[in-house]
Amino acid sequence: MILKSLKKILKLKFRFKQYIYTKIVKFQCKTYGSNLKVNGKSRVTKNTIICNNVNFNGMVIKGNGKVKIGNNFHSGQNCLMITSFHKYDFGDAIPYDSKKSIDKDIIIEDNVWLGDRVIVLGGVTIGEGAIIQAGSVVVSDIPKYAIAGGHPAKVFKYRNI
């Protein structure tokens, strides 16, 4: 009886957090589609476009570049997307320029799945149906239906679609 009550309380607590996290992301982003679920603490920018059936389990999007996340996206926990970088070449100081950052967009196509703790850097497109292995750092484009992983992420297999 006590265990059943405890499970019910924990479920209600999870649903309440999910509701709050989802409201925060909806407020922060530029646009969002239907059925957005945010299950873990997340932060996005005003340049983030979120399509339908997106599921975050702890996502941080940083920088001034645009981020477009397609339909049926799913992320693991503690994922990070970075769209702004210091200008380190031809600047006014070392180690980097004090005046301007370099902004690069990120495009995540439909049906993409990111594992836990994936980092995606600006200037990257992740193709439809791709899976990125947990702990990977994506620094270049990933083709459609590819499974990629590592530092930097490399394609090691394609999905049988």
# chains A, B, ... in the order shown; residues from 1 in each chain; ligands from 1
$ closest_atom_pairs --of "range 77-157 of chain A" --to "range 23-47 of chain A" --cutoff "10 Å" --atoms "only C-alpha atoms" --output "JSON lines"
{"residue": "A:Gln77", "atom": "CA", "partner": "A:Gly40", "partner_atom": "CA", "distance": 7.4}
{"residue": "A:Asn78", "atom": "CA", "partner": "A:Gly40", "partner_atom": "CA", "distance": 8.5}
{"residue": "A:Cys79", "atom": "CA", "partner": "A:Ser42", "partner_atom": "CA", "distance": 9.1}
{"residue": "A:Leu80", "atom": "CA", "partner": "A:Arg43", "partner_atom": "CA", "distance": 9.6}
{"residue": "A:Met81", "atom": "CA", "partner": "A:Val44", "partner_atom": "CA", "distance": 9.1}
{"residue": "A:Asp105", "atom": "CA", "partner": "A:Asn47", "partner_atom": "CA", "distance": 9.4}
$ residues_around --residues "Asn72 in chain A" --least-positions-apart "6" --cutoff "10 Å" --atoms "only C-alpha atoms" --output "short mmCIF file (atom, residue, chain, number, x, y, z; two decimals) with C-alpha atoms, in the first residue's frame"
data_model
loop_
_atom_site.label_atom_id
_atom_site.label_comp_id
_atom_site.auth_asym_id
_atom_site.auth_seq_id
_atom_site.Cartn_x
_atom_site.Cartn_y
_atom_site.Cartn_z
CA ASN A 35 3.39 17.31 -28.78
CA LEU A 36 6.57 18.86 -27.36
CA CYS A 51 8.76 20.92 -34.99
CA ASN A 52 6.23 18.21 -33.99
CA ASN A 53 6.72 15.27 -31.61
CA VAL A 54 9.98 16.52 -30.12
CA ASN A 55 11.22 14.93 -26.91
CA GLU A 109 16.16 16.73 -39.85
CA ASP A 110 13.16 14.48 -39.06
CA ASN A 111 13.37 11.23 -37.05
CA VAL A 112 16.77 11.89 -35.46
CA TRP A 113 17.83 10.35 -32.16
CA GLY A 129 16.69 9.12 -39.49
#
$ closest_residue --among "A:Tyr96, A:Phe85, A:Phe56, A:Tyr145" --to "Leu121 in chain A" --atoms "only C-alpha atoms"
A:Phe85
$ select_by_dssp --residues "range 34-146 of chain A" --states "strand (DSSP E)" --output "number ranges by chain"
A: 37-38, 48-50, 55-56, 59-62, 67-69, 74-75, 79-82, 84-86, 101-103, 106-108, 113-114, 119-121, 125-126, 131-132, 137-138, 146
$ write_last_selection --atoms "N, CA and C atoms" --output "CSV table (one decimal), in the first residue's frame"
chain,number,residue,atom,x,y,z
A,37,LYS,N,7.6,17.5,-25.6
A,37,LYS,CA,7.7,16.9,-24.3
A,37,LYS,C,9.2,17.2,-23.8
A,38,VAL,N,9.3,17.9,-22.7
A,38,VAL,CA,10.6,18.2,-22.1
A,38,VAL,C,10.6,17.5,-20.7
A,48,THR,N,15.6,29.2,-31.8
A,48,THR,CA,15.3,27.7,-31.9
A,48,THR,C,13.9,27.5,-32.5
A,49,ILE,N,13.9,26.7,-33.5
A,49,ILE,CA,12.6,26.3,-34.1
A,49,ILE,C,12.4,24.8,-33.8
A,50,ILE,N,11.3,24.4,-33.2
A,50,ILE,CA,11.0,23.1,-32.8
A,50,ILE,C,9.8,22.6,-33.5
A,55,ASN,N,11.1,15.4,-28.3
A,55,ASN,CA,11.2,14.9,-26.9
A,55,ASN,C,12.6,15.3,-26.4
A,56,PHE,N,12.7,16.2,-25.5
A,56,PHE,CA,14.0,16.5,-24.8
A,56,PHE,C,14.1,15.8,-23.5
A,59,MET,N,18.3,19.2,-22.6
A,59,MET,CA,18.9,19.8,-23.7
A,59,MET,C,19.3,21.2,-23.4
A,60,VAL,N,20.5,21.6,-23.8
A,60,VAL,CA,20.9,23.0,-23.7
A,60,VAL,C,21.4,23.4,-25.1
A,61,ILE,N,20.8,24.5,-25.5
A,61,ILE,CA,21.1,25.1,-26.8
A,61,ILE,C,21.7,26.5,-26.5
A,62,LYS,N,22.9,26.8,-26.9
A,62,LYS,CA,23.6,28.0,-26.6
A,62,LYS,C,24.1,28.7,-27.9
A,67,VAL,N,18.8,27.2,-34.8
A,67,VAL,CA,18.7,25.8,-34.6
A,67,VAL,C,17.3,25.3,-35.0
A,68,LYS,N,17.2,24.4,-36.0
A,68,LYS,CA,15.9,23.9,-36.4
A,68,LYS,C,15.9,22.4,-36.1
A,69,ILE,N,15.0,22.0,-35.3
A,69,ILE,CA,14.8,20.6,-34.9
A,69,ILE,C,13.6,20.0,-35.6
A,74,HIS,N,14.3,12.9,-30.8
A,74,HIS,CA,14.4,12.4,-29.4
A,74,HIS,C,15.9,12.6,-29.0
A,75,SER,N,16.0,13.2,-27.8
A,75,SER,CA,17.4,13.3,-27.2
A,75,SER,C,17.5,12.5,-26.0
A,79,CYS,N,22.3,16.7,-23.4
A,79,CYS,CA,22.8,17.0,-24.7
A,79,CYS,C,23.0,18.5,-24.8
A,80,LEU,N,23.9,18.9,-25.7
A,80,LEU,CA,24.3,20.3,-25.8
A,80,LEU,C,24.5,20.6,-27.3
A,81,MET,N,23.9,21.8,-27.7
A,81,MET,CA,24.2,22.3,-29.1
A,81,MET,C,24.7,23.7,-28.9
A,82,ILE,N,25.9,24.0,-29.6
A,82,ILE,CA,26.6,25.2,-29.5
A,82,ILE,C,26.6,25.9,-30.9
A,84,SER,N,27.6,29.4,-31.4
A,84,SER,CA,28.5,30.6,-31.5
A,84,SER,C,29.9,30.2,-31.0
A,85,PHE,N,30.9,30.8,-31.7
A,85,PHE,CA,32.3,30.5,-31.4
A,85,PHE,C,33.1,31.7,-31.4
A,86,HIS,N,34.1,31.7,-30.7
A,86,HIS,CA,35.0,32.9,-30.6
A,86,HIS,C,35.8,33.0,-32.0
A,101,SER,N,31.7,37.3,-32.3
A,101,SER,CA,31.7,35.8,-32.3
A,101,SER,C,31.2,35.4,-33.7
A,102,ILE,N,31.5,34.1,-34.0
A,102,ILE,CA,31.1,33.5,-35.3
A,102,ILE,C,29.9,32.6,-35.0
A,103,ASP,N,28.8,32.9,-35.7
A,103,ASP,CA,27.5,32.2,-35.5
A,103,ASP,C,27.3,31.2,-36.6
A,106,ILE,N,22.5,25.1,-36.9
A,106,ILE,CA,22.4,23.7,-36.8
A,106,ILE,C,21.0,23.3,-37.3
A,107,ILE,N,21.0,22.3,-38.2
A,107,ILE,CA,19.8,21.7,-38.7
A,107,ILE,C,19.7,20.2,-38.4
A,108,ILE,N,18.7,19.9,-37.7
A,108,ILE,CA,18.4,18.5,-37.3
A,108,ILE,C,17.1,18.1,-38.1
A,113,TRP,N,17.7,10.8,-33.6
A,113,TRP,CA,17.8,10.4,-32.2
A,113,TRP,C,19.3,10.6,-31.7
A,114,LEU,N,19.4,11.4,-30.7
A,114,LEU,CA,20.7,11.7,-30.1
A,114,LEU,C,20.8,10.9,-28.7
A,119,ILE,N,27.2,16.2,-28.1
A,119,ILE,CA,27.4,17.6,-28.3
A,119,ILE,C,27.4,17.8,-29.8
A,120,VAL,N,26.6,18.8,-30.3
A,120,VAL,CA,26.5,19.2,-31.7
A,120,VAL,C,27.0,20.6,-31.9
A,121,LEU,N,28.0,20.8,-32.7
A,121,LEU,CA,28.5,22.1,-33.0
A,121,LEU,C,27.9,22.8,-34.2
A,125,THR,N,24.5,19.7,-40.2
A,125,THR,CA,23.2,19.2,-40.5
A,125,THR,C,23.3,17.7,-40.2
A,126,ILE,N,22.3,17.2,-39.4
A,126,ILE,CA,22.1,15.8,-39.1
A,126,ILE,C,20.9,15.3,-39.9
A,131,ILE,N,21.1,8.4,-36.2
A,131,ILE,CA,21.3,8.1,-34.8
A,131,ILE,C,22.7,8.5,-34.4
A,132,ILE,N,22.8,9.3,-33.3
A,132,ILE,CA,24.2,9.7,-32.8
A,132,ILE,C,24.4,9.0,-31.5
A,137,VAL,N,30.7,13.8,-30.3
A,137,VAL,CA,30.8,15.2,-30.6
A,137,VAL,C,30.6,15.3,-32.1
A,138,VAL,N,29.6,16.0,-32.5
A,138,VAL,CA,29.3,16.1,-34.0
A,138,VAL,C,29.8,17.4,-34.5
A,146,ALA,N,22.2,7.4,-41.2
A,146,ALA,CA,23.5,7.0,-40.7
A,146,ALA,C,23.5,6.8,-39.1
$ closest_residue --among "A:Gly70, A:Lys100, A:Ser140, A:Ile9" --to "Tyr88 in chain A" --atoms "only C-alpha atoms"
A:Lys100
$ residues_around --residues "Gly135 in chain A" --least-positions-apart "5" --cutoff "7 Å" --atoms "only C-alpha atoms" --output "number ranges by chain"
A: 116-118
$ write_last_selection --atoms "N, CA, C and O atoms" --output "short mmCIF file (atom, residue, chain, number, x, y, z; two decimals), in the first residue's frame"
data_model
loop_
_atom_site.label_atom_id
_atom_site.label_comp_id
_atom_site.auth_asym_id
_atom_site.auth_seq_id
_atom_site.Cartn_x
_atom_site.Cartn_y
_atom_site.Cartn_z
N ASP A 116 22.64 9.99 -24.96
CA ASP A 116 23.02 10.82 -23.82
C ASP A 116 24.32 11.57 -24.09
O ASP A 116 25.25 11.05 -24.70
N ARG A 117 24.38 12.80 -23.61
CA ARG A 117 25.58 13.64 -23.62
C ARG A 117 26.21 13.85 -24.99
O ARG A 117 27.43 13.92 -25.12
N VAL A 118 25.39 13.97 -25.99
CA VAL A 118 25.89 14.30 -27.33
C VAL A 118 26.08 15.81 -27.42
O VAL A 118 25.25 16.58 -26.93
#
$ residues_around --residues "Gly150 in chain A" --least-positions-apart "2" --cutoff "6 Å" --atoms "only C-alpha atoms" --output "number ranges by chain"
A: 136, 152-153
$ closest_residue --among "A:Lys4, A:Gln133, A:Lys154, A:Thr83" --to "Gly63 in chain A" --atoms "only C-alpha atoms"
A:Thr83
$ closest_residue --among "A:Tyr21, A:Phe156, A:Phe73, A:Phe14" --to "Gly127 in chain A" --atoms "only C-alpha atoms"
A:Phe73
$ select_by_dssp --residues "chain A" --states "helix (DSSP H, G or I)" --output "list in words"
Ile2, Leu3, Lys4, Ser5, Leu6, Lys7, Lys8, Ile9, Leu10, Lys11, Leu12, Lys13, Phe14, Arg15, Phe16, Lys17, Gln18, Tyr19, Ile20, Tyr21, Thr22, Lys23, Ile24, Val25, Lys26, Phe27 and Gln28 of chain A
$ atom_distance --atom1 "CA of Asn57 in chain A" --atom2 "CA of Gly76 in chain A"
5.5 Å
